[in-house]
2 protein chains.
Amino acid sequence: MEIPAQWIRGGTSKCWVFEDSDIAATGHGPDDLLPRIFGSPDHRQIDGVGGASSTTSKAMILTKPQEDDLDVIFRFAQVGIEEPVVDWGSNCGNCSTTAGLYAVENGWVELAQDVTVVRTYNTNTGQRIIQRIPTPGGSLPAALQAHIPGTVHPGHEVGLGFVDPAGKTTGRLLPTGQARSTLQIDGRGFPVTLIDAGAPAVFLPAAAVELAEVAHKDWSDAVGPMLGTLDALRRAAAVAMGMAESPGQAERAVPKLGIVGPPRHEDADLEVLMLSMGAPHPAMPITGGVAVTTAAFTPGTFPHELARDATSGSVAPDGVRKLRLATPAGGIVTFFDESGTDLVVGADRTARRLATSTLYLPDSL
Amino acid sequence: MEIPAQWIRGGTSKCWVFEDSDIAATGHGPDDLLPRIFGSPDHRQIDGVGGASSTTSKAMILTKPQEDDLDVIFRFAQVGIEEPVVDWGSNCGNCSTTAGLYAVENGWVELAQDVTVVRTYNTNTGQRIIQRIPTPGGSLPAALQAHIPGTVHPGHEVGLGFVDPAGKTTGRLLPTGQARSTLQIDGRGFPVTLIDAGAPAVFLPAAAVELAEVAHKDWSDAVGPMLGTLDALRRAAAVAMGMAESPGQAERAVPKLGIVGPPRHEDADLEVLMLSMGAPHPAMPITGGVAVTTAAFTPGTFPHELARDATSGSVAPDGVRKLRLATPAGGIVTFFDESGTDLVVGADRTARRLATSTLYLPDSL
C-alpha cells in the first residue's frame, strides 16, 4: 500500500498532511490507518513516521471544497502514541498553517502578487481561519526569513486569522455575562476574566497569585507549587462558564488558563503565561493567543486593564490593531481586526515543507 | 534544494538513507547538510526529519561500488540533536540492515529465488557485513511476518553476518592472549573474559556480581547499585586490552560490558545483560551480540563455560551454529558460521521501508 503525503513543519509542530481522497483510496478509515502509519502503539513510534511526542504525532486531512468561498477544508488528527487511537476533539493552531502552505505550494489557490489569502475551514471546531502568506511577485520567496519563538530555523510567514471567534464553545464571548468574576477555591476568592474566543479561557492577574513582583521569565518556575490551585481554578471556571456540571467533570484541555500582567519592558504590551494540560506552556497555544488578544480589546477584562494602551492606542489605517505578547519563549505579535464584516483575531506563524513522500504499509495493515 | 532519500526502520532504529551522489549534488558536505536536514540544533528537531532521540537521529550514505565482490558500501552517521554535528566514529548494527533492504528494493542486486545475499562494507569500522534477505520466488514477500524484540510491528527479515569479526580493534580475538583474566577493582578481584569480536567487550559471570540467584528479568534493576563498579571494570578492561593507557582515558562506548549466566529456561542457551553508555541495554547491541556469540564458541571463556552445549552440540548440516540469547527485551538468536573461508558471526534483524521522499532545504541552508 502506497500513500502520498507531505510533511510540513507548522509553527512549533510537525504535521503529516494528507488529501482525503488518498486516505479513501486505501480502503481503510483514518482511525485505523493513521496510527499504523505513525507506528503506534509504541512509545517510540519506531516503525512509523510519528515523532514520539505530542507535537510530532499530528496529521491533517485536507479536502478541496465545492464551496466558492473556501479554498481548503481541513480536519486535524492528534495521533495517539502508546495507544493506536486518533483524537479528533480539537484543532491545532500550529498545524492549521500547513493547510495554507499546502494550498499555496500545490496549486489549490491562485497566487497573488503580494500576499496570497487562503480561506480555510476547520471541521473539528467549525472555525473559519483566513491565512495570509507572502508571495511577492506571485511566488513563494526562495529565501526563508520569518522567525517565531520555539523554532530555531526560519520558514514562510503564515498569518492565521480566526474569523468571528467569539462564543464558539459556550455561545457567548463572556459566558457569565460579566468581564470579571470571582472564583472561590478553598475559601479564598480569586479575581478572573472568563472569556470564549478561539477557545474558552480563564485569565487571572499576576498580582492575584503573588507574581506581580516576580520577573516574567521566572513565572514558569514560580507557578510550580500552585499548579494544583490553578487547575482547581480552571475547573471552577468550567462550571461557571456552563461547560461542566462539576469541577471533576471539567475537560483537561479546556478551558485554558493564563496569568497576565502589565508589561515591564518596552517591547511588549502584556506579559502572559499560559498553562497547557496542567503544565506551563513554553510559548503560547494559538487559540490561547486569540482568547487573550480578544480579552485585551474587550473593556472591563483583566487583560484589557493590564495591557499597554489596549484601547487608547489609535487604530491602524487598515483597521488592524496589534498586540505584543511576552511569552516564556519570546515575543509574539497578535492582531485584532474589526475592519471587515466579521471580527478576525490571530497571529503570525511560520511553516516549512520538509518532505514530499510516498508512505508504505502492508496491505493488511 | 531537493534531496531524494528513503526512510527505513532498521532493527530498533529509524534511519534516513541517502545515495552519496545525491548528497554530492547539493554542493554541501554531509557534516553541514545532515544536521540541517534533521532540524538540528534543536532538542525537538522540529524543523527537520530527525526524531529527537539517539535511535531516530541516524543517517546512512550508500555508494554503489566498483568492486565485483561488494554490492553496497555504506557510511553510518549519528546526527547530533542539540549540536549541529555528525559523529562518524562507529557503525550502527540496526541501521546496517537498511543497506541490504535498500539494495534489494532499489535494484542494486539481482534477487535470488530463495534468499538474496547482499554483500556490504561499512567504512566507519572497515567491517564486511553479509546480509541475507528472504525473497521467495524472486521477490520480497508482500506480507511481513518477521518479528524482533523492541519493535511492535513486523518487517522483512535481514540476517546480518559480520565477516571475520575477530581482532578488528586490538588485532587479536583474545587481546590478553588468555580466555580468562582477573581484574582488580578496589582490592577485589573480578573474573572476566576479554574478547574482541564485532566490538571489544568484557564479560563477567553473573555469580561474580551476586546475580546468580537473581531472576534474569530482574538483572537490569539489580545492577543499579553496582553501575559505578561495572564502569570501573570496563575501564580496567580497556587498559588490559591495550585500548587505553589509564582507566580515565578509556572511551565511553567501548569496550562494551556484559554479564552472562547459565540458562534457566528451555528456550535460551545463555542469559545476558549488556550495558550501553553506562546503563543497562534493554535488548542487545548487535556488535555486542557478535562478541558474546564468538565468546560462547571459544573454549575457555566464561560465555563458553556458562552457555548450554556451546561446544558439545553437533554442528548443523550447513555448518552454521545458533545461539539463543535471553535479553531483557526477549530472546535473540545469533549464529556462528565457520563453514566458509572466513568466520561469519551475526544475528537476524528486521527492516521495513517507511517512506520514499524528496526532502527540501533552502539553498543557503
# chains A, B, ... in the order shown; residues from 1 in each chain; ligands from 1

$ interface_residues --of "chain A" --to "chain B" --cutoff "7 Å" --atoms "only C-alpha atoms" --output "list in words"
Arg9, Thr12, Ser13, Lys14, Asp42, Ile46, Asp47, Gly48, Gly51, Ala142, Ala143, Thr151, Val152, His153, Arg353, Leu354, Ala355, Thr356, Ser357, Thr358, Leu359, Tyr360 and Pro362 of chain A

$ residues_around --residues "Pro263 (chain A)" --least-positions-apart "5" --cutoff "12 Å" --atoms "only C-alpha atoms" --output "ChimeraX atom specification"
/A:206,212,215-216,268-272,303,305-310,323-327,331

$ closest_residue --among "B:Val17, B:Cys92, B:Leu140, B:Ile73" --to "Arg119 (chain B)" --atoms "only C-alpha atoms"
B:Ile73

$ closest_residue --among "A:Ala250, A:Ile259, A:Asp231, A:Ala197" --to "Thr294 (chain A)" --atoms "only C-alpha atoms"
A:Ala197

$ closest_residue --among "A:Gln113, A:Gln249, A:Thr26, A:Thr341" --to "Pro141 (chain A)" --atoms "only C-alpha atoms"
A:Gln113

$ atom_distance --atom1 "CA of Glu157 (chain A)" --atom2 "CA of Ile133 (chain A)"
5.9 Å

$ select_by_dssp --residues "region 245-333 of chain B" --states "strand (DSSP E)" --output "MDAnalysis selection string"
chainID B and resid 256:261 270:276 279:280 320:327 330:333

$ select_by_dssp --residues "region 65-284 of chain A" --states "helix (DSSP H, G or I)" --output "mmCIF file with N, CA and C atoms, in the first residue's frame"
data_model
loop_
_atom_site.group_PDB
_atom_site.id
_atom_site.type_symbol
_atom_site.label_atom_id
_atom_site.label_comp_id
_atom_site.auth_asym_id
_atom_site.auth_seq_id
_atom_site.Cartn_x
_atom_site.Cartn_y
_atom_site.Cartn_z
ATOM 1 N N GLY A 93 -3.654 24.947 16.246
ATOM 2 C CA GLY A 93 -3.362 26.188 15.527
ATOM 3 C C GLY A 93 -2.090 26.080 14.708
ATOM 4 N N ASN A 94 -1.044 25.487 15.302
ATOM 5 C CA ASN A 94 0.207 25.351 14.571
ATOM 6 C C ASN A 94 0.015 24.564 13.278
ATOM 7 N N CYS A 95 -0.658 23.414 13.379
ATOM 8 C CA CYS A 95 -0.864 22.593 12.185
ATOM 9 C C CYS A 95 -1.786 23.286 11.182
ATOM 10 N N SER A 96 -2.653 24.160 11.653
ATOM 11 C CA SER A 96 -3.559 24.864 10.740
ATOM 12 C C SER A 96 -2.781 25.565 9.630
ATOM 13 N N THR A 97 -1.578 26.059 9.974
ATOM 14 C CA THR A 97 -0.783 26.770 8.962
ATOM 15 C C THR A 97 -0.411 25.871 7.793
ATOM 16 N N THR A 98 -0.335 24.554 8.032
ATOM 17 C CA THR A 98 0.079 23.656 6.946
ATOM 18 C C THR A 98 -0.988 23.579 5.859
ATOM 19 N N ALA A 99 -2.256 23.834 6.218
ATOM 20 C CA ALA A 99 -3.320 23.843 5.200
ATOM 21 C C ALA A 99 -3.113 25.005 4.233
ATOM 22 N N GLY A 100 -2.733 26.164 4.770
ATOM 23 C CA GLY A 100 -2.496 27.321 3.915
ATOM 24 C C GLY A 100 -1.284 27.126 3.019
ATOM 25 N N LEU A 101 -0.177 26.659 3.618
ATOM 26 C CA LEU A 101 1.040 26.485 2.831
ATOM 27 C C LEU A 101 0.856 25.399 1.773
ATOM 28 N N TYR A 102 0.140 24.329 2.150
ATOM 29 C CA TYR A 102 -0.120 23.251 1.187
ATOM 30 C C TYR A 102 -0.893 23.784 -0.017
ATOM 31 N N ALA A 103 -1.916 24.594 0.247
ATOM 32 C CA ALA A 103 -2.722 25.158 -0.845
ATOM 33 C C ALA A 103 -1.862 26.008 -1.776
ATOM 34 N N VAL A 104 -0.956 26.793 -1.185
ATOM 35 C CA VAL A 104 -0.080 27.656 -1.985
ATOM 36 C C VAL A 104 0.922 26.827 -2.791
ATOM 37 N N GLU A 105 1.489 25.793 -2.179
ATOM 38 C CA GLU A 105 2.557 25.034 -2.840
ATOM 39 C C GLU A 105 2.028 24.000 -3.827
ATOM 40 N N PRO A 136 5.557 37.526 -2.797
ATOM 41 C CA PRO A 136 5.969 38.709 -3.568
ATOM 42 C C PRO A 136 6.257 38.337 -5.026
ATOM 43 N N GLY A 137 5.671 39.124 -5.935
ATOM 44 C CA GLY A 137 5.856 38.829 -7.349
ATOM 45 C C GLY A 137 5.115 37.579 -7.800
ATOM 46 N N GLY A 138 4.191 37.102 -6.968
ATOM 47 C CA GLY A 138 3.385 35.959 -7.370
ATOM 48 C C GLY A 138 4.023 34.601 -7.130
ATOM 49 N N ALA A 206 -1.586 38.586 37.521
ATOM 50 C CA ALA A 206 -0.406 38.075 38.212
ATOM 51 C C ALA A 206 -0.435 38.418 39.696
ATOM 52 N N ALA A 207 -0.964 39.591 40.023
ATOM 53 C CA ALA A 207 -0.971 40.024 41.423
ATOM 54 C C ALA A 207 -1.823 39.101 42.298
ATOM 55 N N ALA A 208 -2.818 38.425 41.680
ATOM 56 C CA ALA A 208 -3.708 37.557 42.455
ATOM 57 C C ALA A 208 -3.014 36.279 42.895
ATOM 58 N N VAL A 209 -1.895 35.947 42.262
ATOM 59 C CA VAL A 209 -1.155 34.744 42.654
ATOM 60 C C VAL A 209 0.292 35.107 43.012
ATOM 61 N N HIS A 216 9.018 38.152 34.764
ATOM 62 C CA HIS A 216 8.202 37.333 33.883
ATOM 63 C C HIS A 216 8.912 36.050 33.473
ATOM 64 N N LYS A 217 10.205 36.136 33.248
ATOM 65 C CA LYS A 217 10.949 34.947 32.811
ATOM 66 C C LYS A 217 10.945 33.852 33.877
ATOM 67 N N ASP A 218 10.628 34.217 35.121
ATOM 68 C CA ASP A 218 10.632 33.231 36.197
ATOM 69 C C ASP A 218 9.242 32.688 36.524
ATOM 70 N N TRP A 219 8.225 33.164 35.800
ATOM 71 C CA TRP A 219 6.861 32.722 36.122
ATOM 72 C C TRP A 219 6.680 31.206 35.974
ATOM 73 N N SER A 220 7.262 30.642 34.912
ATOM 74 C CA SER A 220 7.068 29.204 34.671
ATOM 75 C C SER A 220 7.517 28.384 35.870
ATOM 76 N N ASP A 221 8.671 28.777 36.449
ATOM 77 C CA ASP A 221 9.143 28.059 37.631
ATOM 78 C C ASP A 221 8.294 28.396 38.852
ATOM 79 N N ALA A 222 7.923 29.673 38.952
ATOM 80 C CA ALA A 222 7.248 30.132 40.167
ATOM 81 C C ALA A 222 5.862 29.514 40.341
ATOM 82 N N GLY A 224 5.066 26.524 39.827
ATOM 83 C CA GLY A 224 5.155 25.101 40.180
ATOM 84 C C GLY A 224 4.346 24.715 41.412
ATOM 85 N N PRO A 225 4.563 25.402 42.549
ATOM 86 C CA PRO A 225 3.861 24.999 43.776
ATOM 87 C C PRO A 225 2.358 25.261 43.728
ATOM 88 N N MET A 226 1.896 26.101 42.780
ATOM 89 C CA MET A 226 0.462 26.425 42.782
ATOM 90 C C MET A 226 -0.304 25.770 41.634
ATOM 91 N N LEU A 227 0.309 24.791 40.970
ATOM 92 C CA LEU A 227 -0.377 24.170 39.821
ATOM 93 C C LEU A 227 -1.682 23.499 40.238
ATOM 94 N N GLY A 228 -1.697 22.939 41.452
ATOM 95 C CA GLY A 228 -2.919 22.297 41.931
ATOM 96 C C GLY A 228 -4.044 23.310 42.096
ATOM 97 N N THR A 229 -3.726 24.444 42.712
ATOM 98 C CA THR A 229 -4.720 25.506 42.898
ATOM 99 C C THR A 229 -5.190 26.040 41.538
ATOM 100 N N LEU A 230 -4.245 26.222 40.610
ATOM 101 C CA LEU A 230 -4.609 26.767 39.299
ATOM 102 C C LEU A 230 -5.513 25.804 38.534
ATOM 103 N N ASP A 231 -5.275 24.501 38.674
ATOM 104 C CA ASP A 231 -6.159 23.569 37.982
ATOM 105 C C ASP A 231 -7.538 23.555 38.632
ATOM 106 N N ALA A 232 -7.584 23.718 39.942
ATOM 107 C CA ALA A 232 -8.880 23.822 40.622
ATOM 108 C C ALA A 232 -9.626 25.071 40.125
ATOM 109 N N LEU A 233 -8.892 26.166 39.940
ATOM 110 C CA LEU A 233 -9.482 27.399 39.404
ATOM 111 C C LEU A 233 -10.042 27.162 37.997
ATOM 112 N N ARG A 234 -9.259 26.455 37.194
ATOM 113 C CA ARG A 234 -9.655 26.165 35.820
ATOM 114 C C ARG A 234 -10.953 25.339 35.807
ATOM 115 N N ARG A 235 -11.023 24.392 36.712
ATOM 116 C CA ARG A 235 -12.209 23.539 36.787
ATOM 117 C C ARG A 235 -13.428 24.322 37.309
ATOM 118 N N ALA A 236 -13.174 25.192 38.264
ATOM 119 C CA ALA A 236 -14.273 26.040 38.743
ATOM 120 C C ALA A 236 -14.760 26.952 37.621
ATOM 121 N N ALA A 237 -13.814 27.422 36.789
ATOM 122 C CA ALA A 237 -14.181 28.275 35.651
ATOM 123 C C ALA A 237 -15.043 27.509 34.651
ATOM 124 N N ALA A 238 -14.720 26.214 34.460
ATOM 125 C CA ALA A 238 -15.515 25.389 33.544
ATOM 126 C C ALA A 238 -16.967 25.346 33.998
ATOM 127 N N VAL A 239 -17.154 25.202 35.312
ATOM 128 C CA VAL A 239 -18.514 25.167 35.848
ATOM 129 C C VAL A 239 -19.189 26.530 35.662
ATOM 130 N N ALA A 240 -18.456 27.600 35.980
ATOM 131 C CA ALA A 240 -19.030 28.952 35.868
ATOM 132 C C ALA A 240 -19.421 29.280 34.434
ATOM 133 N N PRO A 247 -16.702 20.496 39.047
ATOM 134 C CA PRO A 247 -15.262 20.634 38.742
ATOM 135 C C PRO A 247 -14.654 19.325 38.259
ATOM 136 N N GLY A 248 -15.061 18.213 38.844
ATOM 137 C CA GLY A 248 -14.490 16.922 38.461
ATOM 138 C C GLY A 248 -14.804 16.534 37.032
ATOM 139 N N GLN A 249 -15.888 17.116 36.466
ATOM 140 C CA GLN A 249 -16.271 16.763 35.110
ATOM 141 C C GLN A 249 -15.653 17.682 34.058
#
